[in-house]
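The next block is input08.txt, given as compact mmCIF, C-alpha atoms and all ligand atoms.
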```
# COMPACT_ATOMS: atom_id res chain seq x y z
CA MET A 1 100.90 100.79 46.12
CA LYS A 2 103.40 103.10 47.82
CA ILE A 3 103.83 101.80 51.38
CA VAL A 4 105.94 103.17 54.21
CA VAL A 5 106.62 100.45 56.77
CA LEU A 6 107.15 102.41 59.96
CA ALA A 7 109.26 100.67 62.61
CA GLY A 8 111.91 101.23 65.26
CA GLY A 9 111.23 104.28 67.40
CA LEU A 10 112.60 104.83 70.85
CA SER A 11 110.78 102.06 72.70
CA PRO A 12 112.20 99.03 74.52
CA GLU A 13 110.56 96.98 71.76
CA ARG A 14 112.48 98.79 69.02
CA ILE A 15 114.45 95.73 67.88
CA VAL A 16 111.33 93.54 67.74
CA SER A 17 109.65 96.24 65.68
CA LEU A 18 112.53 96.51 63.20
CA SER A 19 112.41 92.76 62.77
CA SER A 20 108.63 92.75 62.10
CA GLY A 21 109.00 95.76 59.81
CA THR A 22 111.80 94.27 57.74
CA MET A 23 109.80 91.12 57.07
CA ALA A 24 106.62 93.02 56.22
CA CYS A 25 108.58 95.32 53.91
CA ASN A 26 110.17 92.42 52.02
CA ALA A 27 106.79 90.69 51.72
CA PHE A 28 105.20 93.85 50.27
CA LEU A 29 108.06 94.21 47.76
CA LYS A 30 107.67 90.59 46.70
CA ALA A 31 103.96 91.19 46.14
CA GLY A 32 104.80 94.04 43.76
CA HIS A 33 104.34 97.06 46.03
CA GLN A 34 106.82 99.91 46.44
CA ALA A 35 107.61 99.51 50.12
CA ILE A 36 110.26 101.27 52.17
CA LEU A 37 111.25 100.72 55.80
CA LEU A 38 111.43 103.91 57.84
CA ASP A 39 112.74 104.20 61.39
CA LEU A 40 110.41 106.48 63.36
CA PHE A 41 113.20 107.74 65.61
CA PHE A 42 116.03 108.16 63.10
CA GLY A 43 113.96 109.19 60.09
CA MET A 44 116.01 110.07 56.99
CA PRO A 45 118.10 113.14 57.84
CA GLU A 46 120.14 112.97 54.64
CA LEU A 47 117.41 112.84 52.08
CA THR A 48 119.16 113.83 48.87
CA ILE A 49 116.76 112.37 46.33
CA ASP A 50 113.14 113.06 45.53
CA ILE A 51 110.76 111.16 47.86
CA ASP A 52 108.97 109.57 44.86
CA GLN A 53 112.32 108.16 43.81
CA LEU A 54 112.76 106.61 47.25
CA PHE A 55 109.73 104.44 46.57
CA GLU A 56 110.88 103.63 43.02
CA ASN A 57 114.31 102.54 44.31
CA ALA A 58 112.89 100.29 47.07
CA LYS A 59 114.91 97.07 47.41
CA PRO A 60 114.66 93.95 49.63
CA LEU A 61 116.33 94.32 53.03
CA PRO A 62 118.63 91.91 54.87
CA PRO A 63 116.95 90.21 57.87
CA ALA A 64 117.01 92.07 61.20
CA PRO A 65 117.28 89.38 63.88
CA ILE A 66 115.98 89.95 67.44
CA SER A 67 118.73 89.91 70.06
CA GLU A 68 118.19 88.03 73.33
CA THR A 69 118.62 91.16 75.39
CA GLU A 70 116.65 94.39 75.41
CA PRO A 71 118.15 97.39 73.55
CA ASP A 72 120.18 100.13 75.28
CA LEU A 73 117.86 103.04 74.57
CA ALA A 74 120.10 105.71 76.08
CA ALA A 75 122.91 104.71 73.71
CA ILE A 76 120.51 104.61 70.75
CA ALA A 77 119.11 108.05 71.64
CA ALA A 78 122.63 109.48 71.93
CA SER A 79 123.65 108.05 68.55
CA ARG A 80 121.21 110.23 66.61
CA PRO A 81 122.81 113.28 65.01
CA SER A 82 122.31 116.27 67.31
CA GLY A 83 120.04 119.20 66.60
CA TRP A 84 116.81 117.20 66.31
CA SER A 85 114.98 116.68 69.56
CA ASP A 86 111.59 115.44 68.37
CA ARG A 87 110.68 111.78 68.94
CA ILE A 88 109.59 111.68 65.30
CA GLY A 89 112.73 111.62 63.16
CA LEU A 90 113.66 114.05 60.42
CA ASN A 91 111.59 113.84 57.20
CA VAL A 92 109.30 111.09 58.60
CA ILE A 93 106.17 113.21 58.14
CA GLU A 94 107.19 114.33 54.63
CA ILE A 95 107.93 110.77 53.48
CA CYS A 96 104.76 109.33 55.05
CA GLN A 97 102.67 112.03 53.35
CA LYS A 98 103.82 110.69 49.98
CA ALA A 99 102.74 107.12 50.75
CA ASP A 100 99.35 105.61 49.93
CA ILE A 101 99.43 104.21 53.45
CA VAL A 102 101.79 103.81 56.39
CA TYR A 103 101.98 100.22 57.61
CA MET A 104 102.51 100.49 61.38
CA ALA A 105 105.16 97.97 62.41
CA LEU A 106 105.92 99.84 65.64
CA HIS A 107 105.67 98.25 69.09
CA GLY A 108 105.40 99.95 72.43
CA ALA A 109 105.69 103.62 73.40
CA ASP A 110 104.96 106.20 70.67
CA GLY A 111 103.49 103.69 68.21
CA GLU A 112 101.19 101.88 70.57
CA ASN A 113 100.14 104.76 72.83
CA GLY A 114 98.48 106.51 69.90
CA SER A 115 100.72 109.60 69.84
CA VAL A 116 102.06 108.92 66.33
CA GLN A 117 98.53 108.16 65.09
CA LYS A 118 97.36 111.52 66.47
CA VAL A 119 100.14 113.40 64.64
CA PHE A 120 99.37 111.44 61.46
CA ASP A 121 95.66 112.37 61.71
CA GLU A 122 96.67 116.02 61.96
CA HIS A 123 98.83 115.69 58.83
CA GLY A 124 96.31 113.70 56.78
CA ILE A 125 98.55 110.61 56.76
CA ARG A 126 96.74 107.27 56.38
CA TYR A 127 97.96 104.41 58.58
CA THR A 128 97.06 100.83 59.44
CA GLY A 129 95.27 99.64 62.56
CA SER A 130 93.40 101.39 65.33
CA GLY A 131 93.06 105.13 65.77
CA HIS A 132 94.82 107.10 68.48
CA GLU A 133 92.04 106.87 71.10
CA GLY A 134 91.86 103.07 70.97
CA CYS A 135 95.65 102.79 71.04
CA ARG A 136 95.96 105.14 74.01
CA LEU A 137 93.33 103.28 76.01
CA SER A 138 94.76 99.82 75.27
CA MET A 139 98.31 100.87 76.09
CA ASP A 140 97.25 102.10 79.54
CA LYS A 141 96.70 98.72 81.18
CA HIS A 142 95.03 100.29 84.24
CA ALA A 143 92.54 102.27 82.12
CA ALA A 144 91.83 99.27 79.87
CA LYS A 145 91.21 97.06 82.89
CA GLU A 146 88.71 99.62 84.21
CA VAL A 147 86.83 99.26 80.93
CA PHE A 148 86.99 95.45 81.27
CA GLY A 149 85.46 95.84 84.75
CA GLN A 150 82.62 98.02 83.45
CA GLU A 151 81.92 95.52 80.64
CA GLY A 152 81.95 92.49 82.95
CA ILE A 153 85.13 91.11 81.34
CA LEU A 154 87.18 89.20 83.90
CA THR A 155 90.70 90.56 84.53
CA PRO A 156 93.13 89.99 87.44
CA ALA A 157 92.53 92.28 90.43
CA SER A 158 95.18 95.01 90.36
CA TRP A 159 96.69 97.92 92.27
CA LEU A 160 98.10 100.97 90.50
CA LEU A 161 101.28 102.35 92.15
CA ARG A 162 102.80 105.69 91.20
CA ARG A 163 106.41 106.63 91.85
CA GLY A 164 106.73 108.70 95.00
CA GLU A 165 103.35 107.68 96.43
CA ILE A 166 103.28 105.76 99.68
CA PHE A 167 101.86 102.24 99.64
CA SER A 168 101.87 99.34 102.04
CA LEU A 169 103.26 96.01 100.88
CA ASP A 170 100.82 94.33 103.30
CA GLU A 171 97.84 95.55 101.27
CA LEU A 172 99.11 93.86 98.11
CA PRO A 173 98.30 90.27 97.16
CA LEU A 174 100.67 87.30 97.09
CA PRO A 175 101.58 85.65 94.85
CA ALA A 176 101.58 88.71 92.63
CA VAL A 177 102.86 90.05 89.33
CA ALA A 178 104.42 93.52 89.08
CA LYS A 179 104.42 95.14 85.65
CA PRO A 180 104.95 98.59 84.09
CA ASN A 181 101.51 100.05 83.37
CA SER A 182 102.19 100.74 79.69
CA GLY A 183 104.88 98.22 78.87
CA GLY A 184 105.02 95.40 76.38
CA SER A 185 107.07 92.31 75.52
CA SER A 186 107.05 91.45 79.27
CA ILE A 187 109.84 93.99 79.85
CA GLY A 188 109.98 94.90 83.56
CA ILE A 189 107.52 92.14 84.57
CA SER A 190 108.25 89.69 87.37
CA ILE A 191 106.37 87.29 89.57
CA ALA A 192 106.68 87.42 93.37
CA THR A 193 105.73 84.82 95.93
CA THR A 194 107.14 86.53 99.07
CA ARG A 195 107.03 90.12 100.42
CA ALA A 196 110.77 90.49 99.78
CA GLU A 197 110.35 89.34 96.17
CA LEU A 198 107.40 91.67 95.71
CA LYS A 199 109.46 94.63 96.91
CA ARG A 200 112.14 93.74 94.36
CA ALA A 201 109.53 93.14 91.62
CA ILE A 202 108.02 96.58 92.26
CA GLU A 203 111.44 98.27 92.11
CA PHE A 204 112.21 96.37 88.90
CA ALA A 205 108.96 97.55 87.24
CA PHE A 206 109.62 101.14 88.38
CA GLN A 207 112.92 101.02 86.46
CA GLN A 208 110.78 101.12 83.31
CA GLU A 209 107.97 103.51 84.19
CA ASP A 210 106.56 105.90 86.78
CA SER A 211 103.25 103.99 87.01
CA ILE A 212 103.14 100.28 87.61
CA LEU A 213 100.53 97.62 88.32
CA VAL A 214 100.62 94.91 90.93
CA GLU A 215 98.21 92.15 89.95
CA GLU A 216 97.05 89.02 91.68
CA PHE A 217 98.88 86.07 90.12
CA ILE A 218 96.54 83.90 88.06
CA LYS A 219 97.58 80.30 87.61
CA GLY A 220 96.42 79.34 84.19
CA ARG A 221 97.17 78.40 80.62
CA GLU A 222 98.56 81.18 78.47
CA LEU A 223 96.27 82.00 75.52
CA SER A 224 96.10 84.74 72.95
CA CYS A 225 93.40 85.56 70.44
CA GLY A 226 93.65 87.91 67.50
CA VAL A 227 90.71 89.83 66.08
CA LEU A 228 90.64 90.79 62.41
CA ASP A 229 87.90 93.10 61.16
CA GLY A 230 85.92 92.59 64.39
CA LYS A 231 85.97 88.78 64.17
CA ALA A 232 88.07 86.48 66.36
CA LEU A 233 90.79 84.33 64.78
CA PRO A 234 91.55 80.85 66.17
CA VAL A 235 92.93 80.89 69.73
CA ILE A 236 96.64 80.12 70.24
CA GLU A 237 98.16 78.51 73.33
CA ILE A 238 101.68 79.40 74.40
CA ILE A 239 103.60 76.90 76.48
CA PRO A 240 106.99 78.26 77.62
CA LYS A 241 109.52 75.47 78.25
CA GLU A 242 110.67 77.26 81.41
CA GLY A 243 109.19 80.04 83.55
CA PHE A 244 106.52 82.47 82.31
CA TYR A 245 106.09 84.21 78.96
CA ASP A 246 108.93 86.71 79.48
CA TYR A 247 111.03 88.58 76.87
CA LYS A 248 113.36 85.64 76.24
CA ASN A 249 110.50 83.14 75.91
CA LYS A 250 108.71 85.52 73.54
CA TYR A 251 111.56 86.04 71.11
CA GLN A 252 114.09 83.24 71.37
CA ALA A 253 113.29 80.62 68.75
CA GLY A 254 112.15 77.37 70.35
CA ALA A 255 111.83 78.78 73.89
CA ALA A 256 108.07 78.34 73.89
CA LEU A 257 105.73 75.95 72.17
CA GLU A 258 102.89 77.69 70.32
CA VAL A 259 99.84 75.63 69.41
CA THR A 260 97.03 76.77 67.11
CA PRO A 261 94.18 76.11 67.47
CA ALA A 262 94.72 75.92 71.24
CA PRO A 263 93.99 72.38 72.51
CA ILE A 264 91.30 73.59 74.92
CA SER A 265 87.61 72.63 75.10
CA PRO A 266 85.22 73.98 72.44
CA ALA A 267 83.43 75.88 75.22
CA ALA A 268 86.65 77.56 76.36
CA THR A 269 87.56 78.40 72.75
CA GLU A 270 84.15 79.97 72.21
CA LYS A 271 84.44 81.91 75.47
CA VAL A 272 87.88 83.34 74.65
CA GLN A 273 86.94 84.25 71.08
CA ARG A 274 83.77 86.09 72.13
CA LEU A 275 85.71 87.86 74.91
CA ALA A 276 88.40 88.94 72.45
CA GLU A 277 85.71 90.45 70.18
CA ARG A 278 84.07 92.21 73.15
CA VAL A 279 87.41 93.68 74.25
CA PHE A 280 88.03 94.85 70.67
CA ARG A 281 84.71 96.72 70.65
CA ALA A 282 84.93 97.99 74.22
CA LEU A 283 88.33 99.62 73.59
CA HIS A 284 87.15 101.13 70.27
CA LEU A 285 89.70 99.22 68.21
CA SER A 286 89.63 98.79 64.48
CA VAL A 287 91.14 96.57 61.76
CA TYR A 288 93.13 94.19 64.00
CA ALA A 289 94.43 93.58 67.50
CA ARG A 290 95.46 90.68 69.75
CA MET A 291 94.22 90.03 73.27
CA ASP A 292 96.13 88.04 75.90
CA PHE A 293 94.34 85.72 78.33
CA LEU A 294 95.00 83.30 81.15
CA LEU A 295 92.63 80.32 81.35
CA THR A 296 92.27 78.68 84.77
CA GLU A 297 91.56 75.01 85.43
CA GLU A 298 87.90 75.97 86.01
CA GLU A 299 87.94 77.53 82.51
CA GLU A 300 87.65 81.09 83.76
CA ALA A 301 89.29 83.33 81.15
CA TYR A 302 91.11 86.40 82.53
CA CYS A 303 91.94 89.09 80.01
CA LEU A 304 95.39 90.57 80.66
CA GLU A 305 95.52 93.17 77.90
CA ALA A 306 94.86 94.20 74.31
CA ASN A 307 97.76 94.73 71.90
CA THR A 308 96.87 97.22 69.18
CA LEU A 309 100.13 96.64 67.30
CA PRO A 310 100.89 92.97 67.97
CA GLY A 311 104.03 91.22 66.70
CA MET A 312 103.80 90.73 62.95
CA THR A 313 106.68 88.59 61.77
CA PRO A 314 105.51 85.56 59.75
CA THR A 315 105.95 83.42 62.90
CA SER A 316 104.32 85.85 65.36
CA LEU A 317 101.17 84.77 67.17
CA LEU A 318 98.52 86.60 65.11
CA PRO A 319 99.97 85.51 61.74
CA GLN A 320 100.05 81.92 63.04
CA GLU A 321 96.36 82.20 63.96
CA ALA A 322 95.47 83.62 60.53
CA ALA A 323 97.47 80.85 58.82
CA VAL A 324 95.13 78.26 60.35
CA LEU A 325 92.32 79.93 58.37
CA GLY A 326 94.44 79.76 55.20
CA ILE A 327 95.41 83.45 55.27
CA ASP A 328 99.15 83.49 54.58
CA TYR A 329 101.50 86.25 55.74
CA ILE A 330 101.46 88.55 52.73
CA HIS A 331 97.70 88.23 52.35
CA LEU A 332 97.29 89.09 56.03
CA CYS A 333 99.48 92.19 55.66
CA GLU A 334 97.59 93.23 52.51
CA LYS A 335 94.25 92.60 54.23
CA ILE A 336 95.32 94.87 57.09
CA ILE A 337 96.10 97.56 54.51
CA ASP A 338 92.78 97.13 52.68
CA LEU A 339 90.73 97.19 55.89
CA SER A 340 92.65 100.24 57.09
CA LEU A 341 92.10 102.11 53.82
CA GLU A 342 88.36 101.44 54.14
CA LYS A 343 88.37 103.67 57.24
CA TYR A 344 89.30 106.62 55.01
CA ARG A 345 86.70 106.00 52.31
N1 LIG X 401 98.22 88.49 86.67
C1 LIG X 401 99.03 87.62 86.08
N2 LIG X 401 99.10 86.33 86.54
C2 LIG X 401 99.96 85.43 85.97
N3 LIG X 401 100.81 85.73 84.96
C3 LIG X 401 100.79 86.99 84.47
C4 LIG X 401 99.91 87.99 85.01
N4 LIG X 401 100.14 89.14 84.35
C5 LIG X 401 101.10 88.87 83.44
N5 LIG X 401 101.51 87.59 83.50
C6 LIG X 401 102.55 86.96 82.65
O1 LIG X 401 103.32 87.99 82.04
C7 LIG X 401 103.11 88.00 80.61
C8 LIG X 401 103.06 89.41 80.09
O2 LIG X 401 101.99 90.12 80.69
P1 LIG X 401 101.09 91.17 79.93
O3 LIG X 401 100.18 91.79 80.93
O4 LIG X 401 100.45 90.54 78.76
O5 LIG X 401 102.15 92.28 79.51
P2 LIG X 401 102.94 92.59 78.13
O6 LIG X 401 102.28 93.84 77.65
O7 LIG X 401 104.35 92.81 78.51
O8 LIG X 401 102.74 91.42 77.22
C9 LIG X 401 101.82 87.25 80.41
O9 LIG X 401 101.75 86.74 79.10
C10 LIG X 401 101.91 86.20 81.50
O10 LIG X 401 102.81 85.15 81.16
MG MG X 402 100.96 90.49 76.69
```

In structure tokens, write the structure found in this file.
Amino acid sequence: MKIVVLAGGLSPERIVSLSSGTMACNAFLKAGHQAILLDLFFGMPELTIDIDQLFENAKPLPPAPISETEPDLAAIAASRPSGWSDRIGLNVIEICQKADIVYMALHGADGENGSVQKVFDEHGIRYTGSGHEGCRLSMDKHAAKEVFGQEGILTPASWLLRRGEIFSLDELPLPAVAKPNSGGSSIGISIATTRAELKRAIEFAFQQEDSILVEEFIKGRELSCGVLDGKALPVIEIIPKEGFYDYKNKYQAGAALEVTPAPISPAATEKVQRLAERVFRALHLSVYARMDFLLTEEEEAYCLEANTLPGMTPTSLLPQEAAVLGIDYIHLCEKIIDLSLEKYR
């Protein structure tokens, strides 16, 4: 099969995405597919050969490790050759149109907010995962949490703050968590226990986005649960060695312990799995997604968010969950492709 693995883009999670994409691409090649890695933002400006030949020439890629710090997006944006202002790089559409399917290895921004999916729908390009509406809704944490509320799915109480609007710190809870409304990888998230800390946490989140959420802090165990084809995978527990599940703890090897299946009671497992499936349906998702939860001592499960394009390196959370069921990495990636192609039949 001719596969474009689409990664990169101009999102704070660009490096994570290139790492996922490289591994998926190499796995597809090993399984006999013609797979090429394409950077959404840079595209292929100097395309001198026929696009069909690009697929025929596909070769394994060197690993793309994740750095400990977040990328400098302004520098990356400035490094692209001038004369092309679109967020979708040169020749991306043309190359994707020649693929049997585009495997979405993007994270954050354009990939996860559904805008690329919308453009692809308009160009008849087939892609993996949820459609643009489900992506858009899931990426907007405030909107998704409203749906959770309507569906009776527990989620931390939250306050939406917009840049320039007046708000009173006294009306916000403590302890609290401030987060960009559409972020990912915990970028811009911090926990505050005092008014002064909350003020700083809010300013920090506003550095990322114009809309942010302040949520009540939930003390609980960190769980995540993937859904594949509408059915929940085993639950995973994440135990950071220090602090909360921030960027460093997410991507630095050994910074957090990840246990699958999560060593929680069968009742809690059942609760989280059914909730994950309900969230999947409520947000109109398809093929696969991963929901994040906090489980309190009383076994109340709070849903934090749905990730429509979760991390997909072989050691990422969802692949670890699938592995417990005997689905190895390449078979998981191929299953995602098969399920996605079914949408177009
Ligand atoms: N309300 C909350 N109470 C306690 N911890 C939270 C809360 N919200 C977020 N966190 C912590 O921050 C992490 C990232 O939050 P999340 O909402 O999932 O955003 P992201 O999209 O960046 O993953 C969570 O996994 C958790 O460790
Ligand atoms: Mg999360």

Could you give me the residues within 9 Å of ligand MG 402 (chain X), counting all atoms listed in the file, as a list in words?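 The residues near ligand MG 402 (chain X) are Gly183, Gly184, Ser185, Ser186, Ser224, Tyr245, Arg290, Met291, Asp292, Phe293, Leu304, Glu305, Ala306 and Asn307 of chain A.
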
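With all atoms listed in the file taken into account, the protein and nucleic acid residues at most 7 Å from Ile212 (chain A) (excluding it and anything under 6 positions from it in its own chain) are Leu160, Leu161, Arg162, Lys179, Pro180, Asn181, Ala205 and Phe206 of chain A.
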
Which polymer residues have any atom within 9 Å of an atom of Phe120 (chain A), counting only C-alpha atoms, with same-chain residues fewer than 4 positions away left out, as number ranges by chain? A: 93, 96-97, 115-116, 124-127

In file coordinates, which residues lie within 9 Å of (106.2, 90.8, 71.8) using only C-alpha atoms, given as a list in words?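 Looking at atoms near the point gives Glu13, Val16, Ser17, His107, Gly184, Ser185, Ser186, Tyr247, Lys250, Tyr251, Pro310, Gly311 and Ser316 of chain A.
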
With distances taken over all atoms listed in the file, which residue among A:Glu146, A:Glu151, A:Asp246, A:Asp110 lies nearest Ile187 (chain A)?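 Going through A:Glu146, A:Glu151, A:Asp246, A:Asp110 one by one, the smallest distance to Ile187 (chain A) is for A:Asp246.
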
Quick one: residues within 9 Å of region 255-272 of chain A, all atoms listed in the file counted, chain neighbours fewer than 2 positions away excluded, as a PyMOL selection string? chain A and resi 223-225+232+234-242+245+248-253+274-277+293+295+299-301+303+317+320-321+324

Quick check, in Å to one decimal: how far apart do CA of Phe55 (chain A) and CA of Ile3 (chain A) lie?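 So the two atoms, CA of Phe55 (chain A) and CA of Ile3 (chain A), lie 8.1 Å apart.
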
Give me, as a PDB file with C-alpha atoms, keeping the file's coordinate frame, all polymer residues having an atom no more than 9 Å from Leu169 (chain A), counting all atoms listed in the file and skipping those fewer than 2 positions away in the same chain.
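The result, stored in around18.pdb:
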```
ATOM      1  CA  PHE A 167     101.860 102.240  99.640  1.00  0.00           C
ATOM      2  CA  GLU A 171      97.840  95.550 101.270  1.00  0.00           C
ATOM      3  CA  LEU A 172      99.110  93.860  98.110  1.00  0.00           C
ATOM      4  CA  PRO A 173      98.300  90.270  97.160  1.00  0.00           C
ATOM      5  CA  ARG A 195     107.030  90.120 100.420  1.00  0.00           C
ATOM      6  CA  LEU A 198     107.400  91.670  95.710  1.00  0.00           C
ATOM      7  CA  LYS A 199     109.460  94.630  96.910  1.00  0.00           C
TER       8      LYS A 199
END
```

Between CA of Lys2 (chain A) and CA of Leu18 (chain A), measure the distance and give it in Å to one decimal.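 Straight-line distance from CA of Lys2 (chain A) to CA of Leu18 (chain A) works out to 19.1 Å.
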
Looking at A:Ile336, A:Ala35, A:Ala282, A:Met104, which one is nearest to Ile153 (chain A), with distances taken over all atoms listed in the file?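 Of the candidates, the smallest distance to Ile153 (chain A) is held by A:Ala282.
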
Residue with smallest distance to ligand LIG 401 (chain X) - pool A:Asp229, A:Glu165, A:Glu112, A:Asp170, counting all atoms listed in the file: A:Glu112

Looking at A:Leu233, A:Gly129, A:Leu213, A:Glu70, which one is nearest to Ala323 (chain A), with distances taken over only C-alpha atoms?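 Ranking A:Leu233, A:Gly129, A:Leu213, A:Glu70 by distance to Ala323 (chain A), first place goes to A:Leu233.
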